[in-house]
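> Here you go, one structure.
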Amino acid sequence: MAIALPGQRAARRGGLRRLARRKSTVAFLLALPLILLIASLVVYPALFSLHLATLNKSMEHFVGLGNFEFLFKRELFWMVVKQSCIFAITAVIFKAFTGFVLAHFVHNIPTKKQRKWRGMLLIPWVIPPAMSTLAWFWLFDPSYSAFNWILRAVHIGDVNWLGEPNWARASVILVNVWYGAPFFLIMYLAALKSVPEQLYEAAAIDGANWWQKIWYVTLPMMRNIISITVLFSLIVTFANFDIVRILTAGGPIDQTHIFATWAFKLGIEGNDIPLGASVSLFMFPILGVAAWFILRDISQRGNEA
Amino acid sequence: MSAAAVAARPAKRSRSISKDRKKAMYWSYFFLILFVVFFLTPPFYMLVMSLKTSGEIAEAKFPWWVFHPTLENYRSLLTSENFQNFFINSALVSAATVVVTMLISVPAAFSLSRMKFWGSATLATGVFLTYLIPETLLFIPLFKIFSWVTEVTGIELINHWWVLILIYPTLTVPFCTWIMIGYFASIPKELDEAALIDGAGWLQVLLRIFIPVALPGIIAATIFAFTVSWADFLYPIVFTTSADQLVLPAGIVTTLIKGDVFEWGRIMTAALLGALPPLLIYAFLMDYYIAGLTAGATKG
């Protein structure tokens, strides 16, 4: 038996090596469709848009940074930059705040009833945004419909919701908050439930009031989930298309355009594909920042483990 | 005596805590009701409008309620050939996208979470990063690439509903792969090691063990893929234009809105019917839906 052992071990080692060799091949083949899809329909188009942005309108000549020079000289471009930032940052702040507060409200009621309330509050997120924005469009309609009817009933004059630039900007943000807040609610509710109850009890014994409990217990415990949801939502909101497109189509007089809707207008409707590509490239910086944060987070976790 | 005082104090405190809790609970209900009203206003309004006649909408006496309900809008939409087309196109595109997505992401997630190969860790991170690349960055180059392919090969990739089946996986696969990696990673290693020692191959491990065990994750990913492909609006309006090729969201927005105010009963009906499939899935599979939603971020 003692003689047989080394041979057995060698055989097993050889088998393992063969297994490992086969294993990595099988693994690669299983992941191959994913690699092909991402390479051909995500990475390649993303790089191709860098190339597109350096061409002229008919896409025959190389113009270098000509498209960007042209953009930088237009006042409308800077308006779009400003509007994209205002839109994304304001909407995300309101969404995160609403979600945070709502999560506390849901958390405060008896566990049995939470399911029902959570179910109702998530509905805005479930309806396809293109569909619900149509409802908002009609709610905002100045003469036939609902919001102005209420305003008239309480003797405040009509508001031209989508016709006046600042009201239109507020309206698109409102619809975006309505659509996105439930997502934050669900995330923050899940996070709240994972905070150990003992921490609050300890804080209560130390005489902490509700504000101190939130500041010193809840927020530090939820730091990770808050930063990841805010980052996520910032990207998605920055890149939003449906809501602005359907609600205002960038109007009145282009005052509510954000990068995506303006890029669509220039590139697809205006047939100037390189210029549209140049505009959409301005979404890259925010992506870069997000990627940097996420990669840092992943490597940190790797170090901790 | 001092013992009694000590005993009494916590009792008093706990009573005041429970009173505080009650108060917090009532205020919570109060605000929750306000928010539910705010959140459900648009869907409620859709429903009310969908039951109105054009005449009642034009009158605009009281927009928040319907006094002479009619199903005429539903009847005319459900018998309209255009709308039937949109619905069928949407259903086919979404179903096919779900199948393609699962066929790509489940094996890939299995490979990335269990069977390491050269570069697999980088790829897993890469998958997450591609999930962050928004469609609004990709639609212009994709449009250009597709029209170029059409020119060169003669395969018409523009203005056909099935083209969306090629494009939608870019929206669904990264996220589905990511959450499946999470689900697969939570399966204990002993399970597949035992199977491998018993002589099972890797594919058998995937089909006989991982897929059944991670079924909740697969359902969550399927729901995600379906709702995303059902709801997408940008790609359809970029890649399809003629009425018989449109899917629901694009179809409703581009063909029904013609500036005629009194079409709005029909538009709201169409929007409501278009929102129905995701709402039904949500109503029946809420827990899976929410599990999918939270899995993405907590594992990120």
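FYI, nothing fancy with the structure tokens labels: chains A, B, ... in order, residues from 1 per chain, ligands from 1 as they appear.
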Using only C-alpha atoms, which residues sit within 12 Å of Ser120 of chain B once same-chain residues fewer than 5 positions away are excluded, as a list of chain:residue names?

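Surrounding residues, per the criterion: A:Ser24, A:Thr25, A:Ala27, A:Phe28, A:Leu29, A:Leu30, A:Ala31, A:Leu32, A:Leu34, A:Ile35, B:Ala108, B:Ala109, B:Phe110, B:Ser111, B:Leu112, B:Ser113, B:Arg114, B:Met115, B:Thr125, B:Gly126, B:Val127, B:Ile181.
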
> Compile the residues of chain B that lie within 6 Å of chain A, evaluated using only C-alpha atoms, and express the compilation as a VMD selection string.

chain B and resid 25 28 42 46 60 63 104 107 to 108 111 115 117 136 to 137 141 to 142 231 271 275

> Any chance you could export the current selection's N, CA and C atoms as a short mmCIF file (atom, residue, chain, number, x, y, z; two decimals), in the first residue's frame?


data_model
loop_
_atom_site.label_atom_id
_atom_site.label_comp_id
_atom_site.auth_asym_id
_atom_site.auth_seq_id
_atom_site.Cartn_x
_atom_site.Cartn_y
_atom_site.Cartn_z
N MET B 25 -45.17 56.11 13.96
CA MET B 25 -45.92 55.27 13.05
C MET B 25 -47.06 56.05 12.42
N SER B 28 -45.79 58.44 9.98
CA SER B 28 -45.34 57.71 8.80
C SER B 28 -46.50 57.38 7.88
N PRO B 42 -50.30 59.66 -11.91
CA PRO B 42 -50.28 59.40 -13.35
C PRO B 42 -50.99 58.12 -13.79
N MET B 46 -54.25 58.02 -16.19
CA MET B 46 -54.31 57.25 -17.43
C MET B 46 -55.62 56.47 -17.48
N ALA B 60 -63.60 69.25 -20.66
CA ALA B 60 -62.64 69.55 -19.59
C ALA B 60 -63.31 70.16 -18.37
N PRO B 63 -61.41 67.14 -14.92
CA PRO B 63 -60.53 66.14 -15.54
C PRO B 63 -60.20 64.94 -14.65
N ILE B 104 -26.76 33.82 -23.15
CA ILE B 104 -25.41 34.39 -23.08
C ILE B 104 -24.96 34.54 -21.63
N PRO B 107 -24.35 31.00 -18.86
CA PRO B 107 -23.06 30.30 -18.97
C PRO B 107 -21.88 31.21 -18.63
N ALA B 108 -21.96 32.48 -19.07
CA ALA B 108 -20.85 33.40 -18.81
C ALA B 108 -20.69 33.63 -17.31
N SER B 111 -19.12 30.61 -15.75
CA SER B 111 -17.69 30.56 -16.05
C SER B 111 -16.92 31.59 -15.24
N MET B 115 -15.32 28.99 -12.79
CA MET B 115 -14.22 28.40 -13.54
C MET B 115 -13.31 29.52 -14.00
N PHE B 117 -10.42 31.58 -15.71
CA PHE B 117 -9.47 31.43 -16.81
C PHE B 117 -8.69 32.72 -16.93
N THR B 136 -27.53 55.96 -24.56
CA THR B 136 -27.52 57.24 -25.25
C THR B 136 -26.14 57.59 -25.79
N LEU B 137 -25.13 56.87 -25.32
CA LEU B 137 -23.78 57.07 -25.85
C LEU B 137 -23.56 56.20 -27.08
N PRO B 141 -23.16 55.75 -32.87
CA PRO B 141 -22.23 54.84 -33.55
C PRO B 141 -22.90 53.54 -33.99
N LEU B 142 -23.80 52.98 -33.18
CA LEU B 142 -24.47 51.74 -33.60
C LEU B 142 -25.28 51.96 -34.87
N ALA B 231 -39.62 48.10 -22.27
CA ALA B 231 -39.77 49.52 -22.01
C ALA B 231 -38.88 50.40 -22.87
N ALA B 271 -51.17 53.73 -23.71
CA ALA B 271 -50.08 53.75 -22.74
C ALA B 271 -50.37 52.78 -21.60
N ALA B 275 -48.33 49.48 -20.55
CA ALA B 275 -47.71 49.33 -19.24
C ALA B 275 -48.18 48.06 -18.54
#

> Do you have the atom CA of Phe175 of chain B-atom CA of Ala200 of chain B distance handy?

29.3 Å

> Would you mind listing what lies within 9 Å of Gly64 of chain A as a list of chain:residue names, with only C-alpha atoms counted and same-chain residues fewer than 4 positions away left out?

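Contacts, in chain order: A:Ala53, A:Thr54, A:Leu55, A:Asn56, A:Phe68.
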
> Store the residues of this selection in a file with C-alpha atoms, as an mmCIF file, in the first residue's frame.


data_model
loop_
_atom_site.group_PDB
_atom_site.id
_atom_site.type_symbol
_atom_site.label_atom_id
_atom_site.label_comp_id
_atom_site.auth_asym_id
_atom_site.auth_seq_id
_atom_site.Cartn_x
_atom_site.Cartn_y
_atom_site.Cartn_z
ATOM 1 C CA ALA A 53 -16.532 62.689 -33.788
ATOM 2 C CA THR A 54 -13.499 63.648 -35.877
ATOM 3 C CA LEU A 55 -15.304 63.540 -39.242
ATOM 4 C CA ASN A 56 -17.220 66.199 -41.136
ATOM 5 C CA PHE A 68 -15.698 70.333 -30.849
#

> Find, counting only C-alpha atoms, the residue in B:Trp162, B:Ile223, B:Arg21, B:Ser76 that gets nearest to Leu92 of chain B.

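Under the stated criterion, the closest residue is B:Trp162.
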
> Smallest atom-to-atom distance to Lys113 of chain A: which of B:Ser229, B:Ala291, B:Leu32, B:Leu40, using only C-alpha atoms?

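Nearest to Lys113 of chain A: B:Leu32.
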
> Please extract the residues of segment 113-254 of chain B with a backbone DSSP assignment of alpha helix (DSSP H) and present them as number ranges by chain.

B: 113-114, 120-132, 135-153, 163-167, 169-185, 189-197, 202-204, 211-213, 215-231, 234-239, 248-251

> Just the residues within 9 Å of segment 79-89 of chain B, please, counting only C-alpha atoms, with nothing from its chain fewer than 4 positions along; format it as a list in words.

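Selected residues are Tyr74, Arg75, Val93, Ser94, Trp161, Trp162, Ala243, Asp244, Gln245, Leu246, Val247, Leu248, Pro249, Ala250, Gly251, Ile252, Thr255, Ala270 and Gly274 of chain B.
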
> Next, the residues of the selection above should be written as a compact mmCIF listing (two decimals), in the first residue's frame with N, CA and C atoms.


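The new file selection-v2.txt reads:
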# COMPACT_ATOMS: atom_id res chain seq x y z
N TYR B 74 -60.76 51.30 -25.76
CA TYR B 74 -60.15 49.96 -25.72
C TYR B 74 -60.55 49.18 -26.96
N ARG B 75 -61.85 49.27 -27.29
CA ARG B 75 -62.33 48.51 -28.45
C ARG B 75 -61.60 48.96 -29.72
N VAL B 93 -40.06 40.71 -29.72
CA VAL B 93 -38.73 41.25 -29.42
C VAL B 93 -38.34 40.95 -27.98
N SER B 94 -39.28 41.18 -27.05
CA SER B 94 -38.95 40.97 -25.64
C SER B 94 -38.68 39.51 -25.35
N TRP B 161 -38.00 45.22 -37.21
CA TRP B 161 -38.18 45.05 -35.76
C TRP B 161 -37.18 44.06 -35.17
N TRP B 162 -36.79 43.04 -35.94
CA TRP B 162 -35.91 42.01 -35.36
C TRP B 162 -34.50 42.52 -35.09
N ALA B 243 -44.54 52.03 -39.75
CA ALA B 243 -45.53 51.66 -38.74
C ALA B 243 -45.58 50.16 -38.46
N ASP B 244 -45.33 49.34 -39.49
CA ASP B 244 -45.46 47.91 -39.24
C ASP B 244 -44.25 47.33 -38.52
N GLN B 245 -43.18 48.11 -38.35
CA GLN B 245 -41.98 47.60 -37.69
C GLN B 245 -41.82 48.11 -36.27
N LEU B 246 -42.71 49.03 -35.84
CA LEU B 246 -42.50 49.67 -34.54
C LEU B 246 -42.90 48.76 -33.38
N VAL B 247 -42.26 48.96 -32.24
CA VAL B 247 -42.70 48.29 -31.02
C VAL B 247 -43.54 49.29 -30.21
N LEU B 248 -44.15 48.82 -29.13
CA LEU B 248 -45.16 49.62 -28.45
C LEU B 248 -44.77 51.05 -28.06
N PRO B 249 -43.72 51.24 -27.23
CA PRO B 249 -43.47 52.62 -26.78
C PRO B 249 -43.24 53.58 -27.94
N ALA B 250 -42.41 53.15 -28.89
CA ALA B 250 -42.14 54.01 -30.03
C ALA B 250 -43.39 54.19 -30.87
N GLY B 251 -44.15 53.12 -31.04
CA GLY B 251 -45.35 53.17 -31.86
C GLY B 251 -46.37 54.14 -31.31
N ILE B 252 -46.62 54.06 -30.01
CA ILE B 252 -47.62 54.93 -29.41
C ILE B 252 -47.19 56.39 -29.55
N THR B 255 -46.93 57.33 -33.67
CA THR B 255 -48.08 57.30 -34.58
C THR B 255 -49.36 57.85 -33.98
N ALA B 270 -53.72 53.40 -24.83
CA ALA B 270 -52.58 52.67 -25.39
C ALA B 270 -51.44 52.60 -24.39
N GLY B 274 -49.92 49.31 -22.77
CA GLY B 274 -48.50 49.05 -22.93
C GLY B 274 -47.79 48.84 -21.61

> Between B:Leu103, B:Leu77, B:Thr41, B:Ile33, which one has atoms that come closest to Trp65 of chain B, using only C-alpha atoms?

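Checking each candidate against Trp65 of chain B, we get B:Thr41 as the closest.
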
> So that I can see what lies close to Trp178 of chain B, please list as a list of chain:residue names the residues with an atom at most 10 Å from it, counting only C-alpha atoms and leaving out residues fewer than 4 positions away in the same chain.

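Skipping anything fewer than 4 positions along the chain leaves B:Ser105, B:Val106, B:Ala108, B:Ala109, B:Leu112, B:Ser113, B:Ala124, B:Thr125, B:Val127, B:Phe128, B:Tyr131, B:Val173, B:Pro174, B:Gly182, B:Tyr183, B:Ala221, B:Ala295, B:Gly296, B:Ala297, B:Lys299, B:Gly300.
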
> Those selected residues, please, written with C-alpha atoms and delivered as a compact mmCIF listing (two decimals), in the first residue's frame.


# COMPACT_ATOMS: atom_id res chain seq x y z
CA SER B 105 -25.35 35.49 -19.46
CA VAL B 106 -25.99 32.29 -17.50
CA ALA B 108 -20.85 33.40 -18.81
CA ALA B 109 -21.73 34.04 -15.17
CA LEU B 112 -16.74 33.86 -14.41
CA SER B 113 -17.82 32.89 -10.90
CA ALA B 124 -16.06 40.31 -14.52
CA THR B 125 -15.17 43.89 -13.63
CA VAL B 127 -18.98 43.42 -17.44
CA PHE B 128 -19.99 45.69 -14.62
CA TYR B 131 -23.42 48.01 -17.68
CA VAL B 173 -26.69 41.01 -20.70
CA PRO B 174 -24.19 42.97 -18.55
CA GLY B 182 -23.59 37.09 -7.44
CA TYR B 183 -26.12 34.26 -7.18
CA ALA B 221 -32.75 38.18 -14.28
CA ALA B 295 -29.00 42.32 -6.09
CA GLY B 296 -27.37 44.58 -8.66
CA ALA B 297 -26.31 47.31 -6.31
CA LYS B 299 -23.19 43.20 -4.86
CA GLY B 300 -21.56 46.11 -6.66
